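Right, one structure below, let's go through it.
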Amino acid sequence: TRFVFSLQPMAWSLFLWPWGVETYLNFWAATGAWACVFILLWLLMMLALGMAYDWSEKIYEARRGTVALKLSMLCHHVVISIAAMIAIAEDSVLVRALFTEPGNGEVARDLLRDDSLGRSMAAEVLTPITAGYMVADLVLLGQWELSAGGRQEALLMVLHHVLSLISWPCAVVWDFCS
């Protein structure tokens, strides 16, 4: 019995930055716009938490800004995770490799690169959103409430964000996502 997986394709182009992301300028413009969205979401969370907790600076043991940051970033993680799962389900090569033709050497090669599919619209949509989240997270670095080993934790997080912000635009602009 053959497993056939079918899903109505997502209209990724509806979510694409209007000018595309094929150049660094356009990629960073989209990233900046999304960073602004996440900072505004953080401000809305600050306002909502302030109203809910009588404008207290602390919510239980955490600062209000930290809680707002965690909530706004959780919004990113939930939405992007669902969208990424949809993108994975729509990837015909991945579906072939996992379900319909496992062990096929030609499919395995296509997992590395399949030019017949063209540029990945999902990558062009989701990458600037997550890069924007990372920029906003770095801008709001002062709101991070770190554990006892906070300095090392902060260094690792900053390094993780910066390396991603350096490498991901190259992957999208040079089309390393096919």
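Every chain in the structure tokens has a letter given in the order shown (A, B, ...), and although residue numbers restart at 1 in each chain, ligands are simply numbered from 1 in the order shown.
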
(message) List as a PyMOL selection string the protein and nucleic acid residues near region 21-37 of chain A, meaning an atom at most 8 Å away when only C-alpha atoms are counted, but skip any in the same chain fewer than 2 places from it.
(response) chain A and resi 17+19+39-41+124+128-136+169+172-174

How about saving the chosen residues, N, CA, C and O atoms kept, as an mmCIF file, in the first residue's frame?
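again_33.cif, written as the output of this step:
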```
data_model
loop_
_atom_site.group_PDB
_atom_site.id
_atom_site.type_symbol
_atom_site.label_atom_id
_atom_site.label_comp_id
_atom_site.auth_asym_id
_atom_site.auth_seq_id
_atom_site.Cartn_x
_atom_site.Cartn_y
_atom_site.Cartn_z
ATOM 1 N N TRP A 17 6.990 39.809 0.926
ATOM 2 C CA TRP A 17 7.303 41.240 0.927
ATOM 3 C C TRP A 17 6.994 41.764 -0.473
ATOM 4 O O TRP A 17 7.395 41.151 -1.468
ATOM 5 N N TRP A 19 8.136 43.744 -2.596
ATOM 6 C CA TRP A 19 9.210 43.938 -3.560
ATOM 7 C C TRP A 19 10.105 42.710 -3.683
ATOM 8 O O TRP A 19 11.161 42.761 -4.287
ATOM 9 N N ILE A 39 8.383 44.525 17.713
ATOM 10 C CA ILE A 39 8.563 45.539 18.762
ATOM 11 C C ILE A 39 7.208 46.147 19.133
ATOM 12 O O ILE A 39 6.916 46.366 20.315
ATOM 13 N N LEU A 40 6.368 46.393 18.133
ATOM 14 C CA LEU A 40 5.015 46.896 18.422
ATOM 15 C C LEU A 40 4.201 45.866 19.204
ATOM 16 O O LEU A 40 3.451 46.228 20.118
ATOM 17 N N LEU A 41 4.355 44.599 18.849
ATOM 18 C CA LEU A 41 3.668 43.544 19.586
ATOM 19 C C LEU A 41 4.143 43.530 21.043
ATOM 20 O O LEU A 41 3.331 43.386 21.969
ATOM 21 N N GLU A 124 11.342 32.390 1.340
ATOM 22 C CA GLU A 124 11.345 33.831 1.095
ATOM 23 C C GLU A 124 10.361 34.565 2.001
ATOM 24 O O GLU A 124 10.543 35.738 2.287
ATOM 25 N N PRO A 128 12.604 36.183 6.396
ATOM 26 C CA PRO A 128 12.620 37.574 6.886
ATOM 27 C C PRO A 128 11.780 37.786 8.151
ATOM 28 O O PRO A 128 12.110 38.632 8.981
ATOM 29 N N ILE A 129 10.724 36.992 8.321
ATOM 30 C CA ILE A 129 9.914 37.124 9.533
ATOM 31 C C ILE A 129 10.752 36.718 10.748
ATOM 32 O O ILE A 129 10.799 37.434 11.758
ATOM 33 N N THR A 130 11.436 35.587 10.638
ATOM 34 C CA THR A 130 12.248 35.126 11.760
ATOM 35 C C THR A 130 13.477 36.003 11.957
ATOM 36 O O THR A 130 13.885 36.261 13.098
ATOM 37 N N ALA A 131 14.044 36.508 10.875
ATOM 38 C CA ALA A 131 15.163 37.450 11.012
ATOM 39 C C ALA A 131 14.677 38.718 11.719
ATOM 40 O O ALA A 131 15.379 39.274 12.576
ATOM 41 N N GLY A 132 13.473 39.177 11.391
ATOM 42 C CA GLY A 132 12.893 40.335 12.080
ATOM 43 C C GLY A 132 12.679 40.075 13.555
ATOM 44 O O GLY A 132 12.927 40.939 14.393
ATOM 45 N N TYR A 133 12.229 38.868 13.861
ATOM 46 C CA TYR A 133 12.091 38.481 15.277
ATOM 47 C C TYR A 133 13.440 38.558 15.979
ATOM 48 O O TYR A 133 13.537 39.056 17.099
ATOM 49 N N MET A 134 14.498 38.079 15.325
ATOM 50 C CA MET A 134 15.826 38.092 15.943
ATOM 51 C C MET A 134 16.340 39.520 16.134
ATOM 52 O O MET A 134 16.947 39.826 17.161
ATOM 53 N N VAL A 135 16.094 40.386 15.166
ATOM 54 C CA VAL A 135 16.497 41.787 15.306
ATOM 55 C C VAL A 135 15.751 42.418 16.488
ATOM 56 O O VAL A 135 16.356 43.097 17.325
ATOM 57 N N ALA A 136 14.437 42.180 16.564
ATOM 58 C CA ALA A 136 13.656 42.733 17.677
ATOM 59 C C ALA A 136 14.152 42.186 19.012
ATOM 60 O O ALA A 136 14.264 42.933 19.994
ATOM 61 N N PRO A 169 20.352 35.712 5.144
ATOM 62 C CA PRO A 169 20.151 36.505 3.926
ATOM 63 C C PRO A 169 20.887 35.905 2.727
ATOM 64 O O PRO A 169 20.364 35.904 1.607
ATOM 65 N N VAL A 172 18.848 33.040 1.281
ATOM 66 C CA VAL A 172 17.652 33.454 0.543
ATOM 67 C C VAL A 172 18.021 34.198 -0.744
ATOM 68 O O VAL A 172 17.516 33.893 -1.823
ATOM 69 N N VAL A 173 18.916 35.183 -0.647
ATOM 70 C CA VAL A 173 19.270 35.993 -1.815
ATOM 71 C C VAL A 173 19.945 35.133 -2.897
ATOM 72 O O VAL A 173 19.641 35.256 -4.074
ATOM 73 N N TRP A 174 20.830 34.238 -2.483
ATOM 74 C CA TRP A 174 21.535 33.382 -3.451
ATOM 75 C C TRP A 174 20.780 32.094 -3.743
ATOM 76 O O TRP A 174 21.305 31.213 -4.419
#
```

(message) Can you tell me, as an NGL selection string, which residues in chain A count as alpha helix (DSSP H) by DSSP?
(response) :A and (24-52 or 64-90 or 92-95 or 105-112 or 121-139 or 150-173)

Selected residues written out, C-alpha atoms, as an mmCIF file, in the first residue's frame:
```
data_model
loop_
_atom_site.group_PDB
_atom_site.id
_atom_site.type_symbol
_atom_site.label_atom_id
_atom_site.label_comp_id
_atom_site.auth_asym_id
_atom_site.auth_seq_id
_atom_site.Cartn_x
_atom_site.Cartn_y
_atom_site.Cartn_z
ATOM 1 C CA TYR A 24 20.021 42.265 0.223
ATOM 2 C CA LEU A 25 18.295 45.645 0.349
ATOM 3 C CA ASN A 26 14.863 44.071 -0.060
ATOM 4 C CA PHE A 27 15.654 41.258 2.366
ATOM 5 C CA TRP A 28 16.729 43.741 5.043
ATOM 6 C CA ALA A 29 13.754 46.019 4.320
ATOM 7 C CA ALA A 30 11.408 43.075 4.926
ATOM 8 C CA THR A 31 13.392 42.073 8.025
ATOM 9 C CA GLY A 32 13.227 45.632 9.382
ATOM 10 C CA ALA A 33 9.488 45.792 8.808
ATOM 11 C CA TRP A 34 8.998 42.527 10.699
ATOM 12 C CA ALA A 35 11.289 43.725 13.499
ATOM 13 C CA CYS A 36 8.997 46.753 13.867
ATOM 14 C CA VAL A 37 5.971 44.436 14.002
ATOM 15 C CA PHE A 38 7.537 42.420 16.836
ATOM 16 C CA ILE A 39 8.563 45.539 18.762
ATOM 17 C CA LEU A 40 5.015 46.896 18.422
ATOM 18 C CA LEU A 41 3.668 43.544 19.586
ATOM 19 C CA TRP A 42 5.984 43.791 22.611
ATOM 20 C CA LEU A 43 4.666 47.290 23.347
ATOM 21 C CA LEU A 44 1.077 46.021 23.118
ATOM 22 C CA MET A 45 1.943 43.182 25.499
ATOM 23 C CA MET A 46 3.531 45.714 27.893
ATOM 24 C CA LEU A 47 0.342 47.777 27.771
ATOM 25 C CA ALA A 48 -1.955 44.772 28.263
ATOM 26 C CA LEU A 49 0.146 43.414 31.130
ATOM 27 C CA GLY A 50 0.300 46.862 32.706
ATOM 28 C CA MET A 51 -3.476 47.142 32.645
ATOM 29 C CA ALA A 52 -3.921 43.574 33.908
ATOM 30 C CA ARG A 64 6.837 43.140 33.115
ATOM 31 C CA GLY A 65 9.105 43.844 30.106
ATOM 32 C CA THR A 66 10.529 40.338 30.287
ATOM 33 C CA VAL A 67 7.084 38.734 30.432
ATOM 34 C CA ALA A 68 5.936 40.894 27.515
ATOM 35 C CA LEU A 69 9.025 39.856 25.556
ATOM 36 C CA LYS A 70 8.402 36.163 26.245
ATOM 37 C CA LEU A 71 4.744 36.453 25.220
ATOM 38 C CA SER A 72 5.418 38.394 22.028
ATOM 39 C CA MET A 73 8.200 36.048 20.989
ATOM 40 C CA LEU A 74 5.970 33.064 21.774
ATOM 41 C CA CYS A 75 3.542 34.499 19.214
ATOM 42 C CA HIS A 76 6.348 34.350 16.634
ATOM 43 C CA HIS A 77 7.296 30.809 17.562
ATOM 44 C CA VAL A 78 3.739 29.453 17.347
ATOM 45 C CA VAL A 79 2.910 31.087 14.003
ATOM 46 C CA ILE A 80 6.259 30.272 12.371
ATOM 47 C CA SER A 81 6.213 26.685 13.618
ATOM 48 C CA ILE A 82 2.799 26.057 12.091
ATOM 49 C CA ALA A 83 3.800 27.765 8.821
ATOM 50 C CA ALA A 84 7.067 25.792 8.693
ATOM 51 C CA MET A 85 5.182 22.514 9.155
ATOM 52 C CA ILE A 86 2.910 23.488 6.262
ATOM 53 C CA ALA A 87 5.972 24.317 4.136
ATOM 54 C CA ILE A 88 7.526 20.953 4.961
ATOM 55 C CA ALA A 89 4.297 19.147 4.062
ATOM 56 C CA GLU A 90 4.198 21.001 0.723
ATOM 57 C CA SER A 92 7.251 17.394 -2.835
ATOM 58 C CA VAL A 93 10.832 16.126 -2.625
ATOM 59 C CA LEU A 94 10.671 15.751 1.149
ATOM 60 C CA VAL A 95 7.317 13.972 0.921
ATOM 61 C CA GLY A 105 19.066 7.733 -4.541
ATOM 62 C CA GLU A 106 17.706 10.243 -7.048
ATOM 63 C CA VAL A 107 15.274 11.619 -4.467
ATOM 64 C CA ALA A 108 18.141 11.815 -1.950
ATOM 65 C CA ARG A 109 20.121 13.984 -4.399
ATOM 66 C CA ASP A 110 17.066 16.177 -4.919
ATOM 67 C CA LEU A 111 16.920 16.760 -1.142
ATOM 68 C CA LEU A 112 20.181 18.674 -1.501
ATOM 69 C CA MET A 121 8.465 30.879 -1.616
ATOM 70 C CA ALA A 122 8.116 29.528 1.911
ATOM 71 C CA ALA A 123 11.764 30.382 2.645
ATOM 72 C CA GLU A 124 11.345 33.831 1.095
ATOM 73 C CA VAL A 125 8.349 34.481 3.367
ATOM 74 C CA LEU A 126 9.389 32.814 6.624
ATOM 75 C CA THR A 127 13.080 33.763 6.751
ATOM 76 C CA PRO A 128 12.620 37.574 6.886
ATOM 77 C CA ILE A 129 9.914 37.124 9.533
ATOM 78 C CA THR A 130 12.248 35.126 11.760
ATOM 79 C CA ALA A 131 15.163 37.450 11.012
ATOM 80 C CA GLY A 132 12.893 40.335 12.080
ATOM 81 C CA TYR A 133 12.091 38.481 15.277
ATOM 82 C CA MET A 134 15.826 38.092 15.943
ATOM 83 C CA VAL A 135 16.497 41.787 15.306
ATOM 84 C CA ALA A 136 13.656 42.733 17.677
ATOM 85 C CA ASP A 137 14.987 40.296 20.264
ATOM 86 C CA LEU A 138 18.420 41.946 20.049
ATOM 87 C CA VAL A 139 16.905 45.448 20.260
ATOM 88 C CA GLY A 150 23.479 35.127 32.451
ATOM 89 C CA ARG A 151 26.620 36.520 30.867
ATOM 90 C CA GLN A 152 27.495 33.277 29.056
ATOM 91 C CA GLU A 153 23.840 32.687 28.196
ATOM 92 C CA ALA A 154 23.537 36.188 26.726
ATOM 93 C CA LEU A 155 26.753 35.766 24.724
ATOM 94 C CA LEU A 156 25.509 32.488 23.241
ATOM 95 C CA MET A 157 22.115 33.980 22.371
ATOM 96 C CA VAL A 158 23.654 37.086 20.788
ATOM 97 C CA LEU A 159 26.096 34.922 18.837
ATOM 98 C CA HIS A 160 23.244 32.655 17.690
ATOM 99 C CA HIS A 161 21.200 35.665 16.530
ATOM 100 C CA VAL A 162 24.118 37.436 14.799
ATOM 101 C CA LEU A 163 25.354 34.323 12.954
ATOM 102 C CA SER A 164 21.821 33.603 11.768
ATOM 103 C CA LEU A 165 21.389 37.209 10.618
ATOM 104 C CA ILE A 166 24.637 36.922 8.652
ATOM 105 C CA SER A 167 23.961 33.552 7.016
ATOM 106 C CA TRP A 168 20.214 33.538 6.332
ATOM 107 C CA PRO A 169 20.151 36.505 3.926
ATOM 108 C CA CYS A 170 22.830 34.749 1.844
ATOM 109 C CA ALA A 171 20.726 31.577 1.745
ATOM 110 C CA VAL A 172 17.652 33.454 0.543
ATOM 111 C CA VAL A 173 19.270 35.993 -1.815
#
```

(message) Please return, as a PyMOL selection string, all residues of chain A that DSSP assigns to strand (DSSP E) on the basis of the backbone.
(response) chain A and resi 58-59+62-63

Could the residues in this selection be saved with C-alpha atoms as a PDB file, in the first residue's frame?
```pdb
ATOM      1  CA  LYS A  58       6.937  43.038  38.432  1.00  0.00           C
ATOM      2  CA  ILE A  59       4.641  40.168  37.570  1.00  0.00           C
ATOM      3  CA  ALA A  62       9.710  38.642  36.642  1.00  0.00           C
ATOM      4  CA  ARG A  63       9.839  42.146  35.205  1.00  0.00           C
TER       5      ARG A  63
END
```

(request) For CA of Trp12 (chain A) and CA of Arg96 (chain A), determine how far apart the two atoms are, in Å to one decimal place. (result)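 Answer for the CA of Trp12 (chain A) to CA of Arg96 (chain A) separation: 21.2 Å.
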